[in-house]
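**Q** One structure follows; several queries about it will come next.
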Amino acid sequence: MTATTRREFVESFLRFDSVTGREGEVQEWFRERLADRGLETYTWHADPELLADHDSFPDDPGEIDADGRPNVAGVASFGDPEAGPTVVTNGHSDVVPVERESWSTEPFEPTWDEDDEWLTARGAADMKSGLSACLFAVDRLREADASLDGRVVVESVVDEEAGGSGAATAALSNPYPFERDAAIVAEPTELRPVTATAGSLMARLRLQGRSAHAATRWRGESVLPRFETIRTAFRELEAERAETVTHPLYERFDTPWPVVAGTVEAGSWASSVPASLTAEFRIGVAPGESVGEVEAQFRKRLATAAETDDWLREHPPTFERFSVQFEPAETAPDATVVRALRAAAEEAGARTTPVGATYGADSRHYVAAGIPTVLFGPGSIESAHFPDERVRWADVETATDVYTATLRRLLSRDSVTAIA
């Protein structure tokens with residue numbers, strides 16, 4: 001595949017409006033591209049019944065939407081597949097929604113800058129370019145190498161942005177007739193290995209006050225100052241945790257375990273004292289912690305804050321999980337797949353020191369299943385989810401080089417970093 005053809009492939013991939021929940025068309029397109037290459041293809045859907053028993057997913061299977069959202073993979077076999085390892089390369093095809101008025105270009109029409117160096121589109125960084133690079137790496141291996149044993153899986157999953165039901169199902173119920181030895185997830189890491197990802201607690205706070213006419217607001221009990229009391233208490237706990245919950249891969253972050261009230265809805269009428277409030281929080285969880293442990297800390301701080309207010313003491317707030325929870329995950333920096341990728345990154349002139357990320361990723365599902373997993377890919381989290389999301393094409397090519405060299409090291413019959 002030439003450089004021009006690789007660009008055209010990524011451009012075609014980016015033209016699909018595959019916002020989470022609408023991945024069916026792009027997944028069928030990707031499956032066809034795998035089949036066109038002669039790869040053995042596999043398809044599976046998220047299993048709501050299976051995931052309902054998972055601590056991170058809703059207990060009601062009806063809340064997990066799997067219809068029309070296939071996960072697809074292509075398998076390339078080399079030499080004697082049973083004599084070498086199986087390495088999964090993974091990416092997701094779903095993207096976050098766009099606010100078109102904030103974009104300077106059409107989000108689903110790939111646009112190059114005047115020097116043809118930067119490619120702008122929703123999904124350019126997160127993470128269709130990285131997933132494409134995984135496929136390009138397999139193309140290179142199949143064209144050039146005859147001294148490899150094992151398998152490489154190119155996996156395109158759905159729903160990562162909303163919790164990863166596709167990857168979670170694959171981790172819990174292997175869709176392949178063989179075991180998996182390691183995985184590389186092509187998230188945008190600025191071309192540096194990420195071996196630890198933070199988790200997150202998603203929790204909904206509800207407050208109840210007492211309504212009154214705005215002209216006699218003193219007769220009511222507004223929820224707004226009560227919310228500020230709680231938000232301040234949570235912010236103080238966030239600062240305390242930044243000092244007391246430490247991890248060597250997160251020292252570069254001033255706020256490694258952030259707390260954000262992403263949505264707040266209060267009141268029902270402009271001329272009435274707001275008597276109800278609902279706020280949805282995203283609370284960071286460090287590697288080595290569990291979502292449950294962190295939830296207990298914030299529940300305790302919430303109870304303490306409520307005790308300082310006469311109204312809240314009599315009308316206690318509720319704080320309940322909602323949506324999908326992200327458990328943190330970590331792979332040892334000396335794991336074979338990490339060592340192979342670091343060596344390949346060094347050859348390509350990329351950074352090699354493992355770091356941690358404050359976001360969660362599908363890697364956590366594979367790590368939980370006992371599959372050592374490293375994140376590495378082109379693009380930056382600073383661009384992901386933002387207007388005018390973009391990726392530098394040279395980084396896509398470098399990622400392809402690193403994936404190719406990593407896989408060659410792992411599958412080579414003579415490699416010192418071979419898994420098997």
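FYI, nothing fancy with the structure tokens labels: chains A, B, ... in order, residues from 1 per chain, ligands from 1 as they appear.
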Return as JSON lines the residues of segment 265-337 of chain A lying at most 6 Å from segment 187-207 of chain A, together with the closest atom-to-atom pair for each and the distance in Å to one decimal, counting only C-alpha atoms, with rows in chain order and ascending residue number.
**A**
{"residue": "A:Ser276", "atom": "CA", "partner": "A:Leu207", "partner_atom": "CA", "distance": 5.6}
{"residue": "A:Leu277", "atom": "CA", "partner": "A:Leu207", "partner_atom": "CA", "distance": 5.1}
{"residue": "A:Thr278", "atom": "CA", "partner": "A:Arg206", "partner_atom": "CA", "distance": 4.6}
{"residue": "A:Ala279", "atom": "CA", "partner": "A:Leu205", "partner_atom": "CA", "distance": 5.1}
{"residue": "A:Glu280", "atom": "CA", "partner": "A:Arg204", "partner_atom": "CA", "distance": 4.4}
{"residue": "A:Phe281", "atom": "CA", "partner": "A:Ala203", "partner_atom": "CA", "distance": 5.3}
{"residue": "A:Arg282", "atom": "CA", "partner": "A:Met202", "partner_atom": "CA", "distance": 4.9}
{"residue": "A:Ile283", "atom": "CA", "partner": "A:Leu201", "partner_atom": "CA", "distance": 5.0}
{"residue": "A:Gly284", "atom": "CA", "partner": "A:Ser200", "partner_atom": "CA", "distance": 4.5}
{"residue": "A:Val285", "atom": "CA", "partner": "A:Gly199", "partner_atom": "CA", "distance": 4.5}
{"residue": "A:Ala286", "atom": "CA", "partner": "A:Ala198", "partner_atom": "CA", "distance": 5.2}
{"residue": "A:Pro287", "atom": "CA", "partner": "A:Ala198", "partner_atom": "CA", "distance": 5.7}
{"residue": "A:Val291", "atom": "CA", "partner": "A:Leu201", "partner_atom": "CA", "distance": 5.8}
{"residue": "A:Pro317", "atom": "CA", "partner": "A:Leu207", "partner_atom": "CA", "distance": 5.0}
{"residue": "A:Thr318", "atom": "CA", "partner": "A:Arg206", "partner_atom": "CA", "distance": 5.3}
{"residue": "A:Phe319", "atom": "CA", "partner": "A:Leu205", "partner_atom": "CA", "distance": 4.5}
{"residue": "A:Glu320", "atom": "CA", "partner": "A:Ala203", "partner_atom": "CA", "distance": 5.2}
{"residue": "A:Arg321", "atom": "CA", "partner": "A:Ala203", "partner_atom": "CA", "distance": 4.2}
{"residue": "A:Phe322", "atom": "CA", "partner": "A:Ala203", "partner_atom": "CA", "distance": 5.6}
{"residue": "A:Gln325", "atom": "CA", "partner": "A:Leu201", "partner_atom": "CA", "distance": 5.5}
{"residue": "A:Phe326", "atom": "CA", "partner": "A:Gly199", "partner_atom": "CA", "distance": 4.7}
{"residue": "A:Glu327", "atom": "CA", "partner": "A:Gly199", "partner_atom": "CA", "distance": 4.4}
{"residue": "A:Pro328", "atom": "CA", "partner": "A:Gly199", "partner_atom": "CA", "distance": 3.9}
{"residue": "A:Ala329", "atom": "CA", "partner": "A:Thr197", "partner_atom": "CA", "distance": 5.4}
{"residue": "A:Glu330", "atom": "CA", "partner": "A:Ala196", "partner_atom": "CA", "distance": 4.2}
{"residue": "A:Thr331", "atom": "CA", "partner": "A:Thr195", "partner_atom": "CA", "distance": 5.3}
**Q** Store the residues picked out above, limited to N, CA and C atoms, as a PDB file, in the first residue's frame.
**A**
ATOM      1  N   SER A 276     -35.018  21.819  43.346  1.00  0.00           N
ATOM      2  CA  SER A 276     -34.424  20.518  43.027  1.00  0.00           C
ATOM      3  C   SER A 276     -33.184  20.726  42.184  1.00  0.00           C
ATOM      4  N   LEU A 277     -32.249  19.815  42.325  1.00  0.00           N
ATOM      5  CA  LEU A 277     -31.008  19.880  41.547  1.00  0.00           C
ATOM      6  C   LEU A 277     -30.490  18.472  41.306  1.00  0.00           C
ATOM      7  N   THR A 278     -30.049  18.249  40.078  1.00  0.00           N
ATOM      8  CA  THR A 278     -29.392  17.004  39.712  1.00  0.00           C
ATOM      9  C   THR A 278     -28.051  17.338  39.069  1.00  0.00           C
ATOM     10  N   ALA A 279     -26.998  16.763  39.578  1.00  0.00           N
ATOM     11  CA  ALA A 279     -25.654  16.987  39.028  1.00  0.00           C
ATOM     12  C   ALA A 279     -24.998  15.632  38.782  1.00  0.00           C
ATOM     13  N   GLU A 280     -24.347  15.502  37.640  1.00  0.00           N
ATOM     14  CA  GLU A 280     -23.664  14.259  37.288  1.00  0.00           C
ATOM     15  C   GLU A 280     -22.163  14.483  37.358  1.00  0.00           C
ATOM     16  N   PHE A 281     -21.514  13.674  38.175  1.00  0.00           N
ATOM     17  CA  PHE A 281     -20.083  13.813  38.433  1.00  0.00           C
ATOM     18  C   PHE A 281     -19.286  12.712  37.740  1.00  0.00           C
ATOM     19  N   ARG A 282     -18.100  13.105  37.293  1.00  0.00           N
ATOM     20  CA  ARG A 282     -17.093  12.155  36.831  1.00  0.00           C
ATOM     21  C   ARG A 282     -15.899  12.331  37.764  1.00  0.00           C
ATOM     22  N   ILE A 283     -15.542  11.266  38.490  1.00  0.00           N
ATOM     23  CA  ILE A 283     -14.530  11.327  39.537  1.00  0.00           C
ATOM     24  C   ILE A 283     -13.395  10.370  39.197  1.00  0.00           C
ATOM     25  N   GLY A 284     -12.170  10.880  39.140  1.00  0.00           N
ATOM     26  CA  GLY A 284     -11.018  10.075  38.756  1.00  0.00           C
ATOM     27  C   GLY A 284     -10.637   9.038  39.802  1.00  0.00           C
ATOM     28  N   VAL A 285     -10.203   7.875  39.315  1.00  0.00           N
ATOM     29  CA  VAL A 285      -9.786   6.751  40.158  1.00  0.00           C
ATOM     30  C   VAL A 285      -8.371   6.355  39.756  1.00  0.00           C
ATOM     31  N   ALA A 286      -7.468   6.268  40.708  1.00  0.00           N
ATOM     32  CA  ALA A 286      -6.060   5.989  40.420  1.00  0.00           C
ATOM     33  C   ALA A 286      -5.819   4.498  40.190  1.00  0.00           C
ATOM     34  N   PRO A 287      -4.815   4.153  39.373  1.00  0.00           N
ATOM     35  CA  PRO A 287      -4.390   2.759  39.300  1.00  0.00           C
ATOM     36  C   PRO A 287      -4.034   2.250  40.698  1.00  0.00           C
ATOM     37  N   VAL A 291     -13.112   1.530  41.887  1.00  0.00           N
ATOM     38  CA  VAL A 291     -14.207   2.493  41.837  1.00  0.00           C
ATOM     39  C   VAL A 291     -14.973   2.485  43.161  1.00  0.00           C
ATOM     40  N   PRO A 317     -28.959  14.456  50.787  1.00  0.00           N
ATOM     41  CA  PRO A 317     -28.819  14.243  49.342  1.00  0.00           C
ATOM     42  C   PRO A 317     -28.627  12.771  49.012  1.00  0.00           C
ATOM     43  N   THR A 318     -28.909  12.408  47.765  1.00  0.00           N
ATOM     44  CA  THR A 318     -28.621  11.058  47.281  1.00  0.00           C
ATOM     45  C   THR A 318     -27.441  11.128  46.314  1.00  0.00           C
ATOM     46  N   PHE A 319     -26.700  10.042  46.239  1.00  0.00           N
ATOM     47  CA  PHE A 319     -25.492   9.985  45.407  1.00  0.00           C
ATOM     48  C   PHE A 319     -25.399   8.563  44.881  1.00  0.00           C
ATOM     49  N   GLU A 320     -25.805   8.353  43.629  1.00  0.00           N
ATOM     50  CA  GLU A 320     -25.914   7.010  43.080  1.00  0.00           C
ATOM     51  C   GLU A 320     -25.159   6.896  41.764  1.00  0.00           C
ATOM     52  N   ARG A 321     -24.602   5.729  41.541  1.00  0.00           N
ATOM     53  CA  ARG A 321     -23.928   5.471  40.267  1.00  0.00           C
ATOM     54  C   ARG A 321     -24.919   5.558  39.102  1.00  0.00           C
ATOM     55  N   PHE A 322     -24.389   5.932  37.936  1.00  0.00           N
ATOM     56  CA  PHE A 322     -25.175   5.855  36.711  1.00  0.00           C
ATOM     57  C   PHE A 322     -24.228   5.534  35.558  1.00  0.00           C
ATOM     58  N   GLN A 325     -19.062   2.456  34.633  1.00  0.00           N
ATOM     59  CA  GLN A 325     -17.912   2.788  35.480  1.00  0.00           C
ATOM     60  C   GLN A 325     -16.623   2.309  34.792  1.00  0.00           C
ATOM     61  N   PHE A 326     -15.570   3.071  34.964  1.00  0.00           N
ATOM     62  CA  PHE A 326     -14.272   2.723  34.378  1.00  0.00           C
ATOM     63  C   PHE A 326     -13.311   2.353  35.502  1.00  0.00           C
ATOM     64  N   GLU A 327     -12.952   1.102  35.575  1.00  0.00           N
ATOM     65  CA  GLU A 327     -11.930   0.701  36.533  1.00  0.00           C
ATOM     66  C   GLU A 327     -10.551   1.069  35.970  1.00  0.00           C
ATOM     67  N   PRO A 328      -9.603   1.454  36.817  1.00  0.00           N
ATOM     68  CA  PRO A 328      -8.247   1.725  36.340  1.00  0.00           C
ATOM     69  C   PRO A 328      -7.564   0.431  35.898  1.00  0.00           C
ATOM     70  N   ALA A 329      -6.496   0.568  35.164  1.00  0.00           N
ATOM     71  CA  ALA A 329      -5.773  -0.614  34.685  1.00  0.00           C
ATOM     72  C   ALA A 329      -4.296  -0.290  34.554  1.00  0.00           C
ATOM     73  N   GLU A 330      -3.473  -1.326  34.685  1.00  0.00           N
ATOM     74  CA  GLU A 330      -2.028  -1.116  34.601  1.00  0.00           C
ATOM     75  C   GLU A 330      -1.346  -2.393  34.134  1.00  0.00           C
ATOM     76  N   THR A 331      -0.389  -2.229  33.237  1.00  0.00           N
ATOM     77  CA  THR A 331       0.465  -3.322  32.776  1.00  0.00           C
ATOM     78  C   THR A 331       1.889  -3.009  33.193  1.00  0.00           C
TER      79      THR A 331
END
**Q** Per DSSP on the backbone, filter segment 189-285 of chain A down to the residues in strand (DSSP E) and report them as a PyMOL selection string.
**A** chain A and resi 194-197+199-208+259-266+276-285
**Q** In terms of the shortest atom-to-atom distance over only C-alpha atoms, which of A:Ala3, A:Ala168, A:Leu131, A:Ala233 is closest to Pro48 of chain A?
**A** A:Ala168
**Q** Can you tell me, as a list in words, what residues are no more than 10 Å from Leu312 of chain A when counting only C-alpha atoms, ignoring any on the same chain fewer than 2 positions away?
**A**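 Near Leu312 of chain A, the qualifying residues are Leu207, Gln208, Gly209, Val223, Arg226, Ala303, Ala305, Ala306, Glu307, Thr308, Asp309, Asp310, Glu314, His315, Pro316 and Pro317 of chain A.
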**Q** Report, in Å to a single decimal, how far apart atom CA of Ala162 of chain A and atom CA of Pro58 of chain A are.
**A**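 It comes out at 11.9 Å.
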**Q** Pick out the closest residue to Phe13 of chain A from this set: A:Arg33, A:Arg390, A:Arg217, A:Arg339. Count only C-alpha atoms.
**A**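 The shortest atom-to-atom distance to Phe13 of chain A comes from A:Arg33.
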**Q** For Ala125 of chain A, work out the shell of residues within 9 Å, counting only C-alpha atoms and skipping chain neighbours fewer than 4 positions away, then give it as a list of chain:residue names.
**A**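 Answer for this query is A:Thr120, A:Ala121, A:Ser129, A:Gly130, A:Glu187, A:Pro188, A:Gly377, A:Pro378, A:Gly379, A:Ser380, A:Ile381, A:Ser383, A:Ala384, A:His385, A:Glu389, A:Arg390, A:Val391, A:Arg392.
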**Q** As an exercise, work out the distance from atom CA of Asp55 of chain A to atom CA of Thr246 of chain A in Å and give it to one decimal place.
**A**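 These atoms are spaced 24.9 Å apart.
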**Q** Based on the backbone DSSP call, show me all residues of segment 166-337 of chain A assigned helix (DSSP H, G or I), as a ChimeraX atom specification.
**A** /A:166-172,214-219,224-244,248-250,291-307,310-314,336-337
**Q** Might you pull out every residue within 9 Å of Gly21 of chain A, with only C-alpha atoms counted and same-chain residues fewer than 5 positions away left off, and present them as a list of chain:residue names?
**A** A:Asp65, A:Ala66, A:Gly68, A:Arg69, A:Asp94, A:Val158, A:Asp159
**Q** Within 9 Å of Ala369 of chain A, counting only C-alpha atoms, which residues show up once you throw out same-chain ones fewer than 5 positions away? Write them as a list in words, please.
**A** Ala171, Leu172 and Arg364 of chain A
**Q** From the options A:Phe108, A:Phe376, A:Phe9, A:Phe178, which residue's atoms come nearest to Ala350 of chain A, counting only C-alpha atoms?
**A**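 Using only C-alpha atoms, the shortest distance to Ala350 of chain A belongs to A:Phe376.
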**Q** If we count only C-alpha atoms, what is near segment 71-86 of chain A at a cut-off of 8 Å, once residues fewer than 3 positions away on the same chain are taken out, given as a ChimeraX atom specification?
**A** /A:27,30-31,34-35,39-46,138,142,146-158,166,179-182,410-411,413,418-420
